[in-house]
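Reading through the structure tokens given below for one structure.
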Amino acid sequence: MTATLDVYLEIGTKRVFAGALDWPGWCRSARGEEAALQALVDYAPRYARVIGTAARGLKRSVGIKDLRVAERLKGDATTEFGAPSQAPKADDRPLDAAELRRQIRLWRACGAALDAAAAAATGVELTKGPRGGGRELDAIVAHVFEADRAYLSRIGARFPEPEDGDVPDAMEGLRDSIAAALTARARGEAPAHPRRSGAYWSPRYFVRRSAWHALDHAWEIEDRAGSRSSSSSG
């Protein structure tokens, strides 16, 4: 088990994200650095349960003293809006075959958590925010699907919009396309669909961003469906 956990901070003026560099999907935010690090610590058991057997080497009980801030990144408008948007330098590291498999396994586990949360919440009325805000269940799933479809262009690939609008049926196909594109990029292959403008994401950053998004919404669904106590109990 790791004695020290390397993390990064993405620092905005009103919001800070703390993310575990080697554990994509494990990323939480708060209004300040210490609060963000504490939020990351608080979610360690919940994250470990999501990734299951892939959690080998990860301590389920983590304290602030176990964290080492390896990178500090300046946030932007997206950070303030509520999403991490800066790629740590650590994500430029190459991926060998074993680490690529590990990254994809962790990423798929976060997607599976979204699927499980959505299935468990089917027919359940999700709680609203104090002003009545919050997407309905189908809209959350569709939002994650469309985000991943858009992210796919960042690694030089495409996935068609579902002709019948059936997002759950198309989700697995999208994930398979993403896994194939990540593998191709990690091997140094040319993009199947080159971008006309804008930079490509590294495979590590794609996994980090997509895994965070799926898991953030999975936990939102669980919490709004009133299932957090059962899903996050020890």
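By order in the structure tokens, chains are A, B, ...; within a chain, residues start at 1; ligands start at 1, following the order shown.
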Give me every strand (DSSP E) residue in range 43-74 of chain A, going by DSSP on the backbone, as JSON, numbers by chain. {"A": [67, 68, 69, 70, 71, 72, 73, 74]}
Taking 4 positions as the minimum chain separation for residues in the same chain, which residues sit within 12 Å of Thr78 in chain A when counting only C-alpha atoms? Answer as a list of chain:residue names.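 Near neighbours after the sequence-gap exclusion: A:Glu10, A:Ile11, A:Gly12, A:Thr13, A:Lys14, A:Arg15, A:Val16, A:Phe17, A:Lys74, A:Gly82, A:Ala83, A:Pro84, A:Ser85, A:Gln86.
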Can I get the selected residues back with N, CA, C and O atoms, as an mmCIF file, in the first residue's frame?
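Result file again-v5.cif:
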```
data_model
loop_
_atom_site.group_PDB
_atom_site.id
_atom_site.type_symbol
_atom_site.label_atom_id
_atom_site.label_comp_id
_atom_site.auth_asym_id
_atom_site.auth_seq_id
_atom_site.Cartn_x
_atom_site.Cartn_y
_atom_site.Cartn_z
ATOM 1 N N GLU A 10 -6.098 22.024 -8.494
ATOM 2 C CA GLU A 10 -6.488 22.966 -9.545
ATOM 3 C C GLU A 10 -7.193 24.113 -8.833
ATOM 4 O O GLU A 10 -8.283 23.922 -8.289
ATOM 5 N N ILE A 11 -6.571 25.269 -8.835
ATOM 6 C CA ILE A 11 -6.958 26.340 -7.928
ATOM 7 C C ILE A 11 -7.617 27.489 -8.669
ATOM 8 O O ILE A 11 -6.989 28.159 -9.510
ATOM 9 N N GLY A 12 -8.895 27.698 -8.379
ATOM 10 C CA GLY A 12 -9.609 28.859 -8.886
ATOM 11 C C GLY A 12 -9.773 29.886 -7.779
ATOM 12 O O GLY A 12 -9.290 29.706 -6.657
ATOM 13 N N THR A 13 -10.469 30.956 -8.060
ATOM 14 C CA THR A 13 -10.654 31.991 -7.039
ATOM 15 C C THR A 13 -11.721 31.605 -6.030
ATOM 16 O O THR A 13 -11.663 32.016 -4.867
ATOM 17 N N LYS A 14 -12.701 30.780 -6.454
ATOM 18 C CA LYS A 14 -13.790 30.393 -5.571
ATOM 19 C C LYS A 14 -13.897 28.885 -5.369
ATOM 20 O O LYS A 14 -14.661 28.435 -4.523
ATOM 21 N N ARG A 15 -13.168 28.115 -6.168
ATOM 22 C CA ARG A 15 -13.271 26.655 -6.080
ATOM 23 C C ARG A 15 -11.903 26.031 -6.327
ATOM 24 O O ARG A 15 -11.140 26.506 -7.171
ATOM 25 N N VAL A 16 -11.620 24.984 -5.589
ATOM 26 C CA VAL A 16 -10.369 24.243 -5.739
ATOM 27 C C VAL A 16 -10.696 22.764 -5.905
ATOM 28 O O VAL A 16 -11.503 22.213 -5.146
ATOM 29 N N PHE A 17 -10.080 22.137 -6.890
ATOM 30 C CA PHE A 17 -10.200 20.688 -7.064
ATOM 31 C C PHE A 17 -8.931 20.028 -6.571
ATOM 32 O O PHE A 17 -7.818 20.507 -6.823
ATOM 33 N N LYS A 74 -3.275 26.446 -12.136
ATOM 34 C CA LYS A 74 -4.169 27.599 -12.101
ATOM 35 C C LYS A 74 -5.481 27.245 -12.793
ATOM 36 O O LYS A 74 -5.494 26.823 -13.949
ATOM 37 N N GLY A 82 -17.423 24.475 -11.992
ATOM 38 C CA GLY A 82 -17.636 23.238 -11.251
ATOM 39 C C GLY A 82 -17.073 21.987 -11.882
ATOM 40 O O GLY A 82 -17.478 20.877 -11.517
ATOM 41 N N ALA A 83 -16.115 22.138 -12.814
ATOM 42 C CA ALA A 83 -15.498 20.965 -13.435
ATOM 43 C C ALA A 83 -13.992 21.171 -13.519
ATOM 44 O O ALA A 83 -13.538 22.266 -13.852
ATOM 45 N N PRO A 84 -13.209 20.144 -13.240
ATOM 46 C CA PRO A 84 -11.759 20.266 -13.406
ATOM 47 C C PRO A 84 -11.430 20.370 -14.888
ATOM 48 O O PRO A 84 -11.996 19.638 -15.708
ATOM 49 N N SER A 85 -10.512 21.254 -15.248
ATOM 50 C CA SER A 85 -10.260 21.471 -16.672
ATOM 51 C C SER A 85 -8.787 21.587 -17.023
ATOM 52 O O SER A 85 -8.458 21.832 -18.185
ATOM 53 N N GLN A 86 -7.899 21.407 -16.045
ATOM 54 C CA GLN A 86 -6.476 21.543 -16.301
ATOM 55 C C GLN A 86 -5.786 20.186 -16.178
ATOM 56 O O GLN A 86 -6.053 19.427 -15.246
#
```
Proximity to Asp169 in chain A - best of A:Gly123, A:Asp115, A:Trp107, A:Tyr8, only C-alpha atoms: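 Nearest candidate to Asp169 in chain A out of A:Gly123, A:Asp115, A:Trp107, A:Tyr8: A:Asp115.
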So that I can check the surroundings of Asp138 in chain A, please list as a PDB file with N, CA and C atoms, in the first residue's frame every protein, DNA and RNA residue that reaches within 10 Å of it, counting only C-alpha atoms and ignoring chain neighbours fewer than 6 positions away.
```pdb
ATOM      1  N   ALA A 118     -27.663   4.634 -11.783  1.00  0.00           N
ATOM      2  CA  ALA A 118     -28.848   4.936 -12.593  1.00  0.00           C
ATOM      3  C   ALA A 118     -29.868   3.805 -12.507  1.00  0.00           C
ATOM      4  N   THR A 122     -33.787   4.084 -10.859  1.00  0.00           N
ATOM      5  CA  THR A 122     -34.914   4.052 -11.792  1.00  0.00           C
ATOM      6  C   THR A 122     -36.233   3.997 -11.030  1.00  0.00           C
ATOM      7  N   VAL A 167     -29.796   6.153 -25.392  1.00  0.00           N
ATOM      8  CA  VAL A 167     -28.465   6.359 -24.836  1.00  0.00           C
ATOM      9  C   VAL A 167     -27.945   5.133 -24.095  1.00  0.00           C
ATOM     10  N   PRO A 168     -28.737   4.502 -23.210  1.00  0.00           N
ATOM     11  CA  PRO A 168     -28.196   3.327 -22.501  1.00  0.00           C
ATOM     12  C   PRO A 168     -27.693   2.238 -23.436  1.00  0.00           C
TER      13      PRO A 168
END
```
Computed interatomic separation between CA of Asp91 in chain A and CA of Gly188 in chain A (Å):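 Here the two named atoms are 15.1 Å from each other.
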Env of range 164-166 of chain A: 12 Å cut, atoms = only C-alpha atoms, seq-sep filter 3 positions within chain, self excluded. Answer as a VMD selection string. chain A and resid 138 to 139 141 to 142 145 to 146 160 to 161 169 to 173
Please return, as a PyMOL selection string, all residues of chain A that DSSP assigns to alpha helix (DSSP H) on the basis of the backbone. chain A and resi 33-42+44-51+77-81+97-121+137-152+167-186+203-224+228-231
Nearest residue to Arg158 in chain A from the set A:His217, A:Arg108, A:Arg102, A:Arg175 (distances using only C-alpha atoms): A:Arg175
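Shortest atom-to-atom contact with Arg31 in chain A among A:Arg187, A:Ser197, A:Thr79, A:Ala87: A:Thr79, counting only C-alpha atoms.
Between CA of Lys89 in chain A and CA of His143 in chain A lies a distance of 27.9 Å.
Here CA of Ala112 in chain A is placed at a distance of 23.9 Å from CA of Val62 in chain A.
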Compile the contact shell of Tyr200 in chain A as a compact mmCIF listing (two decimals) with N, CA and C atoms, in the first residue's frame: residues with an atom at most 8 Å away, counting only C-alpha atoms, same-chain residues fewer than 6 positions apart removed.
```
# COMPACT_ATOMS: atom_id res chain seq x y z
N ARG A 154 -11.17 14.66 -28.66
CA ARG A 154 -9.91 15.13 -28.08
C ARG A 154 -8.80 14.09 -28.15
N ILE A 155 -9.16 12.86 -28.49
CA ILE A 155 -8.14 11.84 -28.72
C ILE A 155 -8.22 11.31 -30.16
N GLY A 156 -8.84 12.13 -31.03
CA GLY A 156 -8.82 11.83 -32.45
C GLY A 156 -9.73 10.73 -32.91
```
Residues within 10 Å of Ala211 in chain A, please, as a list in words. Count only C-alpha atoms; anything in the same chain fewer than 5 positions from it doesn't count.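 Near neighbours after the sequence-gap exclusion: Trp23, Pro24, Gly25, Trp26, Cys27, Gln103, Ile104, Leu106, Trp107, Arg108, Ala109, Cys110, Gly111, Leu114, Asp148, Tyr205, Phe206 and Asp216 of chain A.
Among A:Val124, A:Ala44, A:Leu100, A:Ala117, the residue with the shortest atom-to-atom distance to Leu182 in chain A, counting only C-alpha atoms, is A:Leu100.
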